[in-house]
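Working notes for the structure below.
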Amino acid sequence: MSLGDDGYGGDSRSGRPDDGYSTLGGTRQTRTRFADGTGGDGYGSRRPARSSRSLTMVVGVVVLLVAAIAFANMGGGSGDSDSSGGSGGSKAGAAPTAATGTKPVTGKNGTIASGFAHDEQGAQSAATNYAVALGSAEMFNATARRGILQATHDPAVVERLQTDLNKAYSASLFKNVGLNEDGSTPSGLTFVSRTVPVGTKVIKQSNDKATVEVWCTGLVGMAGQGSTKPVTETWFTITENLKWVQNDWKIESSNQTEGPTPVTGDNRASTADDIAGAVEEYGGFTYAR
């Protein structure tokens with residue numbers, strides 16, 4: 001997820017400082033096949049499935065789960081908590097992932113979509129777009145991270161979350177994902193951290209609160225010649241407890257879990273340059289339920 005072309009800006013992520021949040025992020029385990037070759041770009045040789053899966057687990061958990069840890073530390077909600085604040089909330093059934101045709105928003109807060117409808121569809125659209133922003137590379141930049149948190153969260157929780165995430169996005173975390181200790185990207189490489197929503201499900205819904213699960217796949221790693229941490233895919237589910245604040249849905253608390261994770265296909269892995277080019281050339285979307 002990037003804050004630029006994908007509608008979320010232009011900085012760097014952290015989502016997962018992991019835990020990401022970058023305020024906000026996810027994690028998953030998968031196997032990655034690497035193309036045949038003798039190059040040293042981190043993509044050129046085939047590796048055992050177990051080794052690839054291990055790399056994905058380490059990088060994914062570290063980079064995509066920062067938010068979940070931060071929320072847990074601040075007493076955030078869990079996937080089975082009653083975000084409606086009591087027995088008064090209704091529990092919505094799972095809805096198909098087909099689009100409704102209703103426009104998701106009419107405006108934006110900075111570079112992030114805003115102005116979601118005060119209904120179930122609006123809550124799902126908000127949760128989806130917020131997951132993308134919180135899982136972006138911009139989360140690894142302190143200034144951009146603060147802006148993302150302010151645009152996606154209830155003002156009452158922003159300051160504490162910001163403090164927790166500043167600690168989570170540490171020099172050791174940056175090193176684990178291939179960044180320099182100050183969070184900058186090494187020369188000649190492209191840092192990749194994107195979250196791609198697959199579907200949403202409303203768990204609970206009341207007039208001013210909603211609990212929404214967003215099933216996602218993510219891309220995490222460093223693209224470019226000489227990368228020792230190639231871009232890998234992860235699968236995770238983010239549970240967002242939303243509250244109607246200042247005429248919009250905002251995140252009150254959040255957590256994430258691994259999976260559901262599909263069986264990895266037999267697609268041949270692209271070169272480091274191809275991945276870096278794709279990240280720079282392909283933008284994201286504003287998601288609607």
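A note on labels: chains of the structure tokens are A, B, ... as shown, every chain counts residues from 1, and ligands are counted from 1 in their shown order.
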message: Neighbouring residues of A:Trp215 were defined as those with any atom within 7 Å, considering only C-alpha atoms; residues of the same chain fewer than 2 positions away were excluded. Please report them as a PyMOL selection string.
response: chain A and resi 197-200+213+236-238
Create the file for the chosen residues now, containing C-alpha atoms and written as a PDB file, in the first residue's frame.
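part04.pdb was written with the following content:
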```pdb
ATOM      1  CA  PRO A 197      -7.990  -6.551   0.725  1.00  0.00           C
ATOM      2  CA  VAL A 198      -9.715  -9.703  -0.516  1.00  0.00           C
ATOM      3  CA  GLY A 199     -13.053  -9.360   1.270  1.00  0.00           C
ATOM      4  CA  THR A 200     -14.862  -8.055   4.342  1.00  0.00           C
ATOM      5  CA  GLU A 213     -13.033  -8.212   9.578  1.00  0.00           C
ATOM      6  CA  PHE A 236      -3.927 -12.252   7.353  1.00  0.00           C
ATOM      7  CA  THR A 237      -7.240 -11.002   8.712  1.00  0.00           C
ATOM      8  CA  ILE A 238      -7.543  -7.593  10.374  1.00  0.00           C
TER       9      ILE A 238
END
```
field: Backbone-only DSSP, helix (DSSP H, G or I) members of stretch 89-217 of chain A, as a ChimeraX atom specification
entry: /A:120-134,142-152,155-168,171-176
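Between atom CA of A:Val279 and atom CA of A:Gln225 the separation is 14.7 Å.
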query: Which parts of stretch 234-272 of chain A does DSSP call strand (DSSP E or B) when run on the backbone here, written out as a PyMOL selection string?
result: chain A and resi 234-245+248-258
Under the rule of at most 12 Å, produce a per-residue listing of stretch 125-204 of chain A near stretch 252-273 of chain A: chain, number, name, the closest pair of atoms, and the distance in Å, as JSON lines, using only C-alpha atoms.
```
{"residue": "A:Ala127", "atom": "CA", "partner": "A:Ser254", "partner_atom": "CA", "distance": 10.2}
{"residue": "A:Tyr130", "atom": "CA", "partner": "A:Ser254", "partner_atom": "CA", "distance": 11.0}
{"residue": "A:Ala131", "atom": "CA", "partner": "A:Ser254", "partner_atom": "CA", "distance": 10.1}
{"residue": "A:Leu134", "atom": "CA", "partner": "A:Ser254", "partner_atom": "CA", "distance": 11.1}
{"residue": "A:Gly135", "atom": "CA", "partner": "A:Gln256", "partner_atom": "CA", "distance": 11.6}
{"residue": "A:Leu149", "atom": "CA", "partner": "A:Glu252", "partner_atom": "CA", "distance": 11.0}
{"residue": "A:Gln150", "atom": "CA", "partner": "A:Glu252", "partner_atom": "CA", "distance": 11.7}
{"residue": "A:Thr152", "atom": "CA", "partner": "A:Glu252", "partner_atom": "CA", "distance": 9.2}
{"residue": "A:His153", "atom": "CA", "partner": "A:Glu252", "partner_atom": "CA", "distance": 6.2}
{"residue": "A:Asp154", "atom": "CA", "partner": "A:Glu252", "partner_atom": "CA", "distance": 5.5}
{"residue": "A:Pro155", "atom": "CA", "partner": "A:Glu252", "partner_atom": "CA", "distance": 8.8}
{"residue": "A:Ala156", "atom": "CA", "partner": "A:Glu252", "partner_atom": "CA", "distance": 8.2}
{"residue": "A:Val157", "atom": "CA", "partner": "A:Glu252", "partner_atom": "CA", "distance": 6.9}
{"residue": "A:Val158", "atom": "CA", "partner": "A:Glu252", "partner_atom": "CA", "distance": 9.2}
{"residue": "A:Arg160", "atom": "CA", "partner": "A:Ser253", "partner_atom": "CA", "distance": 11.7}
{"residue": "A:Leu161", "atom": "CA", "partner": "A:Ser253", "partner_atom": "CA", "distance": 9.7}
{"residue": "A:Gly188", "atom": "CA", "partner": "A:Asp273", "partner_atom": "CA", "distance": 10.3}
{"residue": "A:Leu189", "atom": "CA", "partner": "A:Ala272", "partner_atom": "CA", "distance": 9.2}
{"residue": "A:Thr190", "atom": "CA", "partner": "A:Asp273", "partner_atom": "CA", "distance": 9.4}
{"residue": "A:Phe191", "atom": "CA", "partner": "A:Ala272", "partner_atom": "CA", "distance": 11.3}
{"residue": "A:Val192", "atom": "CA", "partner": "A:Ala272", "partner_atom": "CA", "distance": 11.3}
{"residue": "A:Val198", "atom": "CA", "partner": "A:Pro260", "partner_atom": "CA", "distance": 10.8}
{"residue": "A:Gly199", "atom": "CA", "partner": "A:Pro260", "partner_atom": "CA", "distance": 11.5}
```
